[in-house]
Each structure stands twice: as structure tokens, then as C-alpha cells.
$ cat work_10.cif   # mmCIF, C-alpha atoms, pLDDT in the B column; chains and numbers go by the auth columns
data_query
loop_
_atom_site.group_PDB
_atom_site.id
_atom_site.type_symbol
_atom_site.label_atom_id
_atom_site.label_comp_id
_atom_site.label_asym_id
_atom_site.label_seq_id
_atom_site.Cartn_x
_atom_site.Cartn_y
_atom_site.Cartn_z
_atom_site.B_iso_or_equiv
_atom_site.auth_seq_id
_atom_site.auth_asym_id
ATOM 1 C CA MET A 1 -13.231 12.279 -14.069 65.00 184 X
ATOM 2 C CA ASP A 2 -12.201 14.913 -11.549 71.00 185 X
ATOM 3 C CA LEU A 3 -8.615 14.204 -10.533 73.00 186 X
ATOM 4 C CA ALA A 4 -8.473 17.079 -8.025 81.00 187 X
ATOM 5 C CA ASN A 5 -9.548 14.724 -5.227 87.00 188 X
ATOM 6 C CA TYR A 6 -6.582 12.392 -5.774 92.00 189 X
ATOM 7 C CA LYS A 7 -3.714 13.125 -3.389 95.00 190 X
ATOM 8 C CA GLY A 8 -0.614 11.435 -2.055 96.00 191 X
ATOM 9 C CA VAL A 9 2.009 8.946 -3.117 98.00 192 X
ATOM 10 C CA TYR A 10 1.372 5.591 -1.459 98.00 193 X
ATOM 11 C CA VAL A 11 3.199 2.276 -1.430 98.00 194 X
ATOM 12 C CA ILE A 12 2.127 -1.234 -0.571 97.00 195 X
ATOM 13 C CA ALA A 13 4.172 -2.218 2.489 97.00 196 X
ATOM 14 C CA GLU A 14 4.815 -5.930 2.185 97.00 197 X
ATOM 15 C CA GLN A 15 5.575 -7.885 5.326 95.00 198 X
ATOM 16 C CA PHE A 16 6.344 -11.485 6.078 91.00 199 X
ATOM 17 C CA GLU A 17 5.947 -13.082 9.506 89.00 200 X
ATOM 18 C CA GLY A 18 5.688 -9.708 11.215 89.00 201 X
ATOM 19 C CA LYS A 19 8.733 -8.098 9.567 94.00 202 X
ATOM 20 C CA LEU A 20 8.703 -5.516 6.822 96.00 203 X
ATOM 21 C CA ARG A 21 10.259 -6.717 3.599 96.00 204 X
ATOM 22 C CA ASN A 22 13.150 -4.597 2.306 96.00 205 X
ATOM 23 C CA VAL A 23 11.193 -3.737 -0.833 96.00 206 X
ATOM 24 C CA SER A 24 8.703 -1.843 1.340 96.00 207 X
ATOM 25 C CA LEU A 25 11.335 0.525 2.653 96.00 208 X
ATOM 26 C CA GLU A 26 12.904 0.887 -0.804 96.00 209 X
ATOM 27 C CA LEU A 27 9.522 1.831 -2.267 96.00 210 X
ATOM 28 C CA LEU A 28 8.917 4.256 0.560 96.00 211 X
ATOM 29 C CA GLY A 29 12.232 5.973 -0.193 96.00 212 X
ATOM 30 C CA GLN A 30 11.385 6.250 -3.890 97.00 213 X
ATOM 31 C CA GLY A 31 7.905 7.402 -2.994 97.00 214 X
ATOM 32 C CA ARG A 32 9.410 10.123 -0.833 96.00 215 X
ATOM 33 C CA ILE A 33 11.508 11.382 -3.766 96.00 216 X
ATOM 34 C CA LEU A 34 8.478 11.426 -6.060 96.00 217 X
ATOM 35 C CA ALA A 35 6.235 13.048 -3.456 96.00 218 X
ATOM 36 C CA ASP A 36 8.791 15.802 -2.870 95.00 219 X
ATOM 37 C CA LYS A 37 8.956 16.504 -6.620 96.00 220 X
ATOM 38 C CA ILE A 38 5.194 16.888 -6.947 94.00 221 X
ATOM 39 C CA GLY A 39 4.660 18.573 -3.575 95.00 222 X
ATOM 40 C CA ASP A 40 2.633 15.769 -2.041 95.00 223 X
ATOM 41 C CA GLU A 41 2.820 13.479 0.980 96.00 224 X
ATOM 42 C CA VAL A 42 3.990 9.883 1.054 98.00 225 X
ATOM 43 C CA GLY A 43 2.221 7.060 2.818 98.00 226 X
ATOM 44 C CA ALA A 44 1.897 3.306 3.016 98.00 227 X
ATOM 45 C CA VAL A 45 -0.736 0.613 3.068 98.00 228 X
ATOM 46 C CA LEU A 46 -0.016 -2.251 5.451 98.00 229 X
ATOM 47 C CA ILE A 47 -2.075 -5.438 5.245 98.00 230 X
ATOM 48 C CA GLY A 48 -1.886 -8.533 7.440 97.00 231 X
ATOM 49 C CA SER A 49 -2.536 -9.879 10.896 96.00 232 X
ATOM 50 C CA GLY A 50 -0.746 -8.479 13.944 96.00 233 X
ATOM 51 C CA VAL A 51 0.942 -5.839 11.784 97.00 234 X
ATOM 52 C CA LYS A 52 -0.051 -2.649 13.636 96.00 235 X
ATOM 53 C CA PRO A 53 3.384 -2.254 15.298 96.00 236 X
ATOM 54 C CA LEU A 54 5.022 -2.119 11.845 97.00 237 X
ATOM 55 C CA ALA A 55 3.252 1.172 11.145 97.00 238 X
ATOM 56 C CA GLN A 56 5.672 2.985 13.460 97.00 239 X
ATOM 57 C CA GLU A 57 8.606 1.575 11.526 97.00 240 X
ATOM 58 C CA LEU A 58 7.137 2.913 8.277 97.00 241 X
ATOM 59 C CA ILE A 59 6.629 6.330 9.866 97.00 242 X
ATOM 60 C CA ALA A 60 10.235 6.271 11.102 96.00 243 X
ATOM 61 C CA HIS A 61 11.280 5.671 7.477 95.00 244 X
ATOM 62 C CA GLY A 62 9.383 8.688 6.177 94.00 245 X
ATOM 63 C CA ALA A 63 5.707 7.799 5.764 97.00 246 X
ATOM 64 C CA HIS A 64 3.353 10.637 6.678 96.00 247 X
ATOM 65 C CA LYS A 65 0.408 8.249 6.974 97.00 248 X
ATOM 66 C CA VAL A 66 0.043 4.503 7.243 98.00 249 X
ATOM 67 C CA TYR A 67 -3.269 2.817 6.568 98.00 250 X
ATOM 68 C CA VAL A 68 -3.310 -0.431 8.522 98.00 251 X
ATOM 69 C CA TYR A 69 -5.643 -3.277 7.636 98.00 252 X
ATOM 70 C CA ASP A 70 -5.055 -5.712 10.476 97.00 253 X
ATOM 71 C CA ASP A 71 -7.282 -8.770 10.570 96.00 254 X
ATOM 72 C CA PRO A 72 -6.621 -12.448 11.358 96.00 255 X
ATOM 73 C CA LYS A 73 -8.248 -13.300 7.993 96.00 256 X
ATOM 74 C CA LEU A 74 -5.401 -11.402 6.287 96.00 257 X
ATOM 75 C CA GLU A 75 -2.590 -13.337 7.962 94.00 258 X
ATOM 76 C CA GLN A 76 -1.660 -15.222 4.793 94.00 259 X
ATOM 77 C CA TYR A 77 -1.497 -13.471 1.444 96.00 260 X
ATOM 78 C CA ASN A 78 -4.683 -14.057 -0.522 96.00 261 X
ATOM 79 C CA THR A 79 -5.132 -12.339 -3.870 97.00 262 X
ATOM 80 C CA THR A 80 -8.894 -11.878 -3.581 97.00 263 X
ATOM 81 C CA ALA A 81 -8.842 -10.574 -0.007 98.00 264 X
ATOM 82 C CA TYR A 82 -5.894 -8.224 -0.541 98.00 265 X
ATOM 83 C CA THR A 83 -7.432 -6.916 -3.779 98.00 266 X
ATOM 84 C CA LYS A 84 -10.665 -6.101 -1.937 98.00 267 X
ATOM 85 C CA VAL A 85 -8.740 -4.292 0.806 98.00 268 X
ATOM 86 C CA LEU A 86 -6.886 -2.190 -1.765 98.00 269 X
ATOM 87 C CA GLN A 87 -10.060 -1.506 -3.726 97.00 270 X
ATOM 88 C CA ASN A 88 -11.633 -0.106 -0.541 97.00 271 X
ATOM 89 C CA PHE A 89 -8.466 1.889 0.172 98.00 272 X
ATOM 90 C CA PHE A 90 -8.486 3.432 -3.312 96.00 273 X
ATOM 91 C CA GLU A 91 -12.162 4.325 -3.097 94.00 274 X
ATOM 92 C CA GLU A 92 -11.718 5.928 0.334 96.00 275 X
ATOM 93 C CA VAL A 93 -8.308 7.616 0.102 96.00 276 X
ATOM 94 C CA LYS A 94 -7.957 8.255 -3.640 95.00 277 X
ATOM 95 C CA PRO A 95 -4.148 8.204 -3.927 96.00 278 X
ATOM 96 C CA ASN A 96 -2.558 10.133 -6.781 95.00 279 X
ATOM 97 C CA VAL A 97 0.254 7.574 -7.199 96.00 280 X
ATOM 98 C CA PHE A 98 0.524 4.005 -5.925 97.00 281 X
ATOM 99 C CA LEU A 99 3.785 2.044 -6.018 97.00 282 X
ATOM 100 C CA VAL A 100 3.971 -1.747 -5.958 97.00 283 X
ATOM 101 C CA GLY A 101 7.182 -3.774 -5.736 96.00 284 X
ATOM 102 C CA ALA A 102 8.242 -6.193 -8.450 96.00 285 X
ATOM 103 C CA THR A 103 7.877 -9.120 -6.041 96.00 286 X
ATOM 104 C CA ASN A 104 5.728 -12.217 -6.442 96.00 287 X
ATOM 105 C CA ILE A 105 2.989 -10.528 -4.438 96.00 288 X
ATOM 106 C CA GLY A 106 3.344 -7.231 -6.271 96.00 289 X
ATOM 107 C CA ARG A 107 3.228 -8.904 -9.673 97.00 290 X
ATOM 108 C CA ASP A 108 0.088 -10.775 -8.644 97.00 291 X
ATOM 109 C CA LEU A 109 -1.669 -7.972 -6.791 97.00 292 X
ATOM 110 C CA GLY A 110 -0.856 -4.918 -8.927 96.00 293 X
ATOM 111 C CA PRO A 111 -2.577 -6.025 -12.138 96.00 294 X
ATOM 112 C CA ARG A 112 -5.587 -7.406 -10.286 97.00 295 X
ATOM 113 C CA VAL A 113 -6.158 -4.143 -8.440 96.00 296 X
ATOM 114 C CA ALA A 114 -5.640 -2.182 -11.663 96.00 297 X
ATOM 115 C CA ASN A 115 -8.252 -4.366 -13.374 96.00 298 X
ATOM 116 C CA VAL A 116 -10.803 -3.935 -10.584 96.00 299 X
ATOM 117 C CA LEU A 117 -10.272 -0.167 -10.633 94.00 300 X
ATOM 118 C CA LYS A 118 -10.274 -0.020 -14.448 92.00 301 X
ATOM 119 C CA THR A 119 -6.933 1.824 -14.544 88.00 302 X
#
$ encode --input "work_10.cif" --output "C-alpha cells"
Amino acid sequence: MDLANYKGVYVIAEQFEGKLRNVSLELLGQGRILADKIGDEVGAVLIGSGVKPLAQELIAHGAHKVYVYDDPKLEQYNTTAYTKVLQNFFEEVKPNVFLVGATNIGRDLGPRVANVLKT
């Protein structure tokens, strides 16, 4: 496997009812520290419905890039749907590092995505 194509430190930006959860900004800060150490950029993945405006908030907190997956079908957290979104993200973007919060969503989503990606 050629790892040269894998770039960037990314975080899952959790939101609830149109507001970023604190864990998202905490992860972004830790991602920034890690990205600086390895000479890479930091970014976020934002999933939900009506969440596009939150991308600017993530950029204001240090994200270089924010990948927004905004669809009414993603309004409520759904393991299968969110896993598919992240699988597509990983296949397209190929992040070097991906951080997930130790929240209920993170503990559900992280292992499922890892399993799908065989990591």
C-alpha cells in the first residue's frame, strides 16, 4: 500500500441541532497540534442537514479545509448513513490521520468506519 497519497489530519465535527459540539473544537485544537508536528494541514468533516454555515466556524477555529456533507437525509445521526459518508470521504480525500471524539456517536461510528476500511 502506497501511503504517499495520504495527507492531512482530519476530525469528525459533531453537531447537534445546528450547533457544533465542544468536542469538535477540542479535537480540532488537538489536530492542529498534531498537524503542526508532522508538517501537515488540519481539516474537518461535517455531516448533517443545514450544517453548511458551521463550516465557517470550524475554519475560524483553525481548520484549513472543511468537507461538508449536507443532506436532509443526514439530519438525524444514523450509523449506516454516516459510515457510508465517511467511507466515501476516506476513499476520496485519503487523510493521514483521523480523530474521533469519545462520545456516543464517536464510539459507535469510529469502529464501524475502521471495519469498513479494514484499518
$ residues_around --input "work_10.cif" --residues "Asn287 of chain X" --least-positions-apart "3" --cutoff "12 Å" --atoms "all atoms listed in the file" --output "list in words"
Glu197, Val206, Tyr260, Thr262, Val283, Gly284, Arg290, Asp291, Leu292, Gly293 and Pro294 of chain X
$ write_last_selection --input "work_10.cif" --atoms "C-alpha atoms" --output "PDB file, keeping the file's coordinate frame"
ATOM      1  CA  GLU X 197       4.815  -5.930   2.185  1.00 97.00           C
ATOM      2  CA  VAL X 206      11.193  -3.737  -0.833  1.00 96.00           C
ATOM      3  CA  TYR X 260      -1.497 -13.471   1.444  1.00 96.00           C
ATOM      4  CA  THR X 262      -5.132 -12.339  -3.870  1.00 97.00           C
ATOM      5  CA  VAL X 283       3.971  -1.747  -5.958  1.00 97.00           C
ATOM      6  CA  GLY X 284       7.182  -3.774  -5.736  1.00 96.00           C
ATOM      7  CA  ARG X 290       3.228  -8.904  -9.673  1.00 97.00           C
ATOM      8  CA  ASP X 291       0.088 -10.775  -8.644  1.00 97.00           C
ATOM      9  CA  LEU X 292      -1.669  -7.972  -6.791  1.00 97.00           C
ATOM     10  CA  GLY X 293      -0.856  -4.918  -8.927  1.00 96.00           C
ATOM     11  CA  PRO X 294      -2.577  -6.025 -12.138  1.00 96.00           C
TER      12      PRO X 294
END
$ resolve_selection --input "work_10.cif" --expression "the PyMOL selection byres ((chain X and resi 228-235) around 9)" --output "ChimeraX atom specification"
/X:193-199,201-202,226-227,236-239,248-260,265,268-269,272
$ atom_distance --input "work_10.cif" --atom1 "atom CA of Glu275 of chain X" --atom2 "atom CA of Ala243 of chain X"
24.5 Å
$ residues_near_point --input "work_10.cif" --point "(3.6, 16.2, 0.5)" --cutoff "9 Å" --atoms "all atoms listed in the file" --output "JSON, numbers by chain"
{"X": [190, 191, 192, 215, 218, 219, 220, 221, 222, 223, 224, 225, 247]}
$ closest_residue --input "work_10.cif" --among "X:Val276, X:Leu211, X:Leu282, X:Ile216" --to "Gly245 of chain X" --atoms "all atoms listed in the file"
X:Leu211
$ closest_residue --input "work_10.cif" --among "X:Ser207, X:Ala264, X:Gln213, X:Lys277" --to "Gly289 of chain X" --atoms "only C-alpha atoms"
X:Ser207
$ resolve_selection --input "work_10.cif" --expression "the PyMOL selection byres ((chain X and resi 186) around 10)" --output "list in words"
Met184, Asp185, Ala187, Asn188, Tyr189, Lys190, Lys277, Pro278 and Asn279 of chain X
$ atom_distance --input "work_10.cif" --atom1 "atom CA of Gln270 of chain X" --atom2 "atom CA of Thr302 of chain X"
11.7 Å
$ closest_residue --input "work_10.cif" --among "X:Gly214, X:Thr266, X:Leu208, X:Ala285" --to "Asn298 of chain X" --atoms "only C-alpha atoms"
X:Thr266
$ atom_distance --input "work_10.cif" --atom1 "atom CA of Glu240 of chain X" --atom2 "atom CA of Gly212 of chain X"
13.0 Å
$ closest_residue --input "work_10.cif" --among "X:Glu200, X:Phe281, X:Glu274, X:Thr263" --to "Arg295 of chain X" --atoms "all atoms listed in the file"
X:Thr263
$ closest_residue --input "work_10.cif" --among "X:Val280, X:Leu210, X:Ile288, X:Asn261" --to "Ala246 of chain X" --atoms "all atoms listed in the file"
X:Leu210
